[in-house]
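A quick write-up on the structure given underneath.
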Amino acid sequence: MVIHAVPGTRKLEADYFDNEGTSSSTRSRSARRATACSRASPSLVADVRLTYARVDENTVDVTFEIAPPGSPRAFKAHVSGRTRRVAQR
């Protein structure tokens, strides 16, 4: 996933690609969250969604969700966690 700022705004865009041919592009409404969802495709086994949510300037929550076949957009968390930037010593 590549997350980048939208020039002249406080918004983010995210472009997501993986080795299974899943891709998506999304624009957030704020600089606090970026979410990418798989594009509907008959070749995909399940829909996936990846979300980065800014907690503060050094902390980001990450959630990876999966929707089962036949239930598009019925996402359930598969794995989630929190990342923190720490100063190098």
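Chain labels A, B, ... are given in the sequence in which chains occur in the structure tokens; within each chain residues are numbered consecutively from 1, and ligands are likewise numbered from 1 in the order shown.
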Quick one: residues within 7 Å of range 62-72 of chain A, only C-alpha atoms, excluding same-chain residues fewer than 5 positions away - as a PDB file with C-alpha atoms, in the first residue's frame?
```pdb
ATOM      1  CA  VAL A  45     -11.877 -15.775  -3.153  1.00  0.00           C
ATOM      2  CA  ALA A  46     -12.899 -13.043  -0.688  1.00  0.00           C
ATOM      3  CA  ASP A  47     -13.130  -9.268  -0.428  1.00  0.00           C
ATOM      4  CA  VAL A  48     -10.431  -7.639   1.691  1.00  0.00           C
ATOM      5  CA  ARG A  49     -10.114  -4.251   3.340  1.00  0.00           C
ATOM      6  CA  LEU A  50      -7.018  -2.654   4.880  1.00  0.00           C
ATOM      7  CA  THR A  51      -7.344   0.408   7.117  1.00  0.00           C
ATOM      8  CA  TYR A  52      -4.715   2.684   8.610  1.00  0.00           C
ATOM      9  CA  ALA A  53      -6.074   5.042  11.300  1.00  0.00           C
ATOM     10  CA  ALA A  77     -11.393  -8.309  11.379  1.00  0.00           C
ATOM     11  CA  HIS A  78      -8.749 -10.895  10.527  1.00  0.00           C
ATOM     12  CA  VAL A  79      -5.785  -9.171  12.171  1.00  0.00           C
ATOM     13  CA  SER A  80      -5.187  -5.764  13.715  1.00  0.00           C
ATOM     14  CA  GLY A  81      -2.481  -3.983  15.598  1.00  0.00           C
ATOM     15  CA  ARG A  82      -0.898  -0.718  16.566  1.00  0.00           C
TER      16      ARG A  82
END
```
task: Mind giving me the straight-line distance from CA of Arg89 in chain A to CA of Ile3 in chain A in Å, one decimal?
output: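 Calculated distance between CA of Arg89 in chain A and CA of Ile3 in chain A is 26.9 Å.
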In terms of only C-alpha atoms, the residue from A:Thr35, A:Gln88, A:Thr83, A:Asn58 at minimal distance from Tyr16 in chain A is A:Thr35
Atom pair CA of Ser38 in chain A + CA of Gly8 in chain A, distance 27.3 Å
(Q) Between CA of Met1 in chain A and CA of Lys76 in chain A, what distance in Å does the model show, to one decimal? (A)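 Taking CA of Met1 in chain A as the start and CA of Lys76 in chain A as the end point, the length is 20.0 Å.
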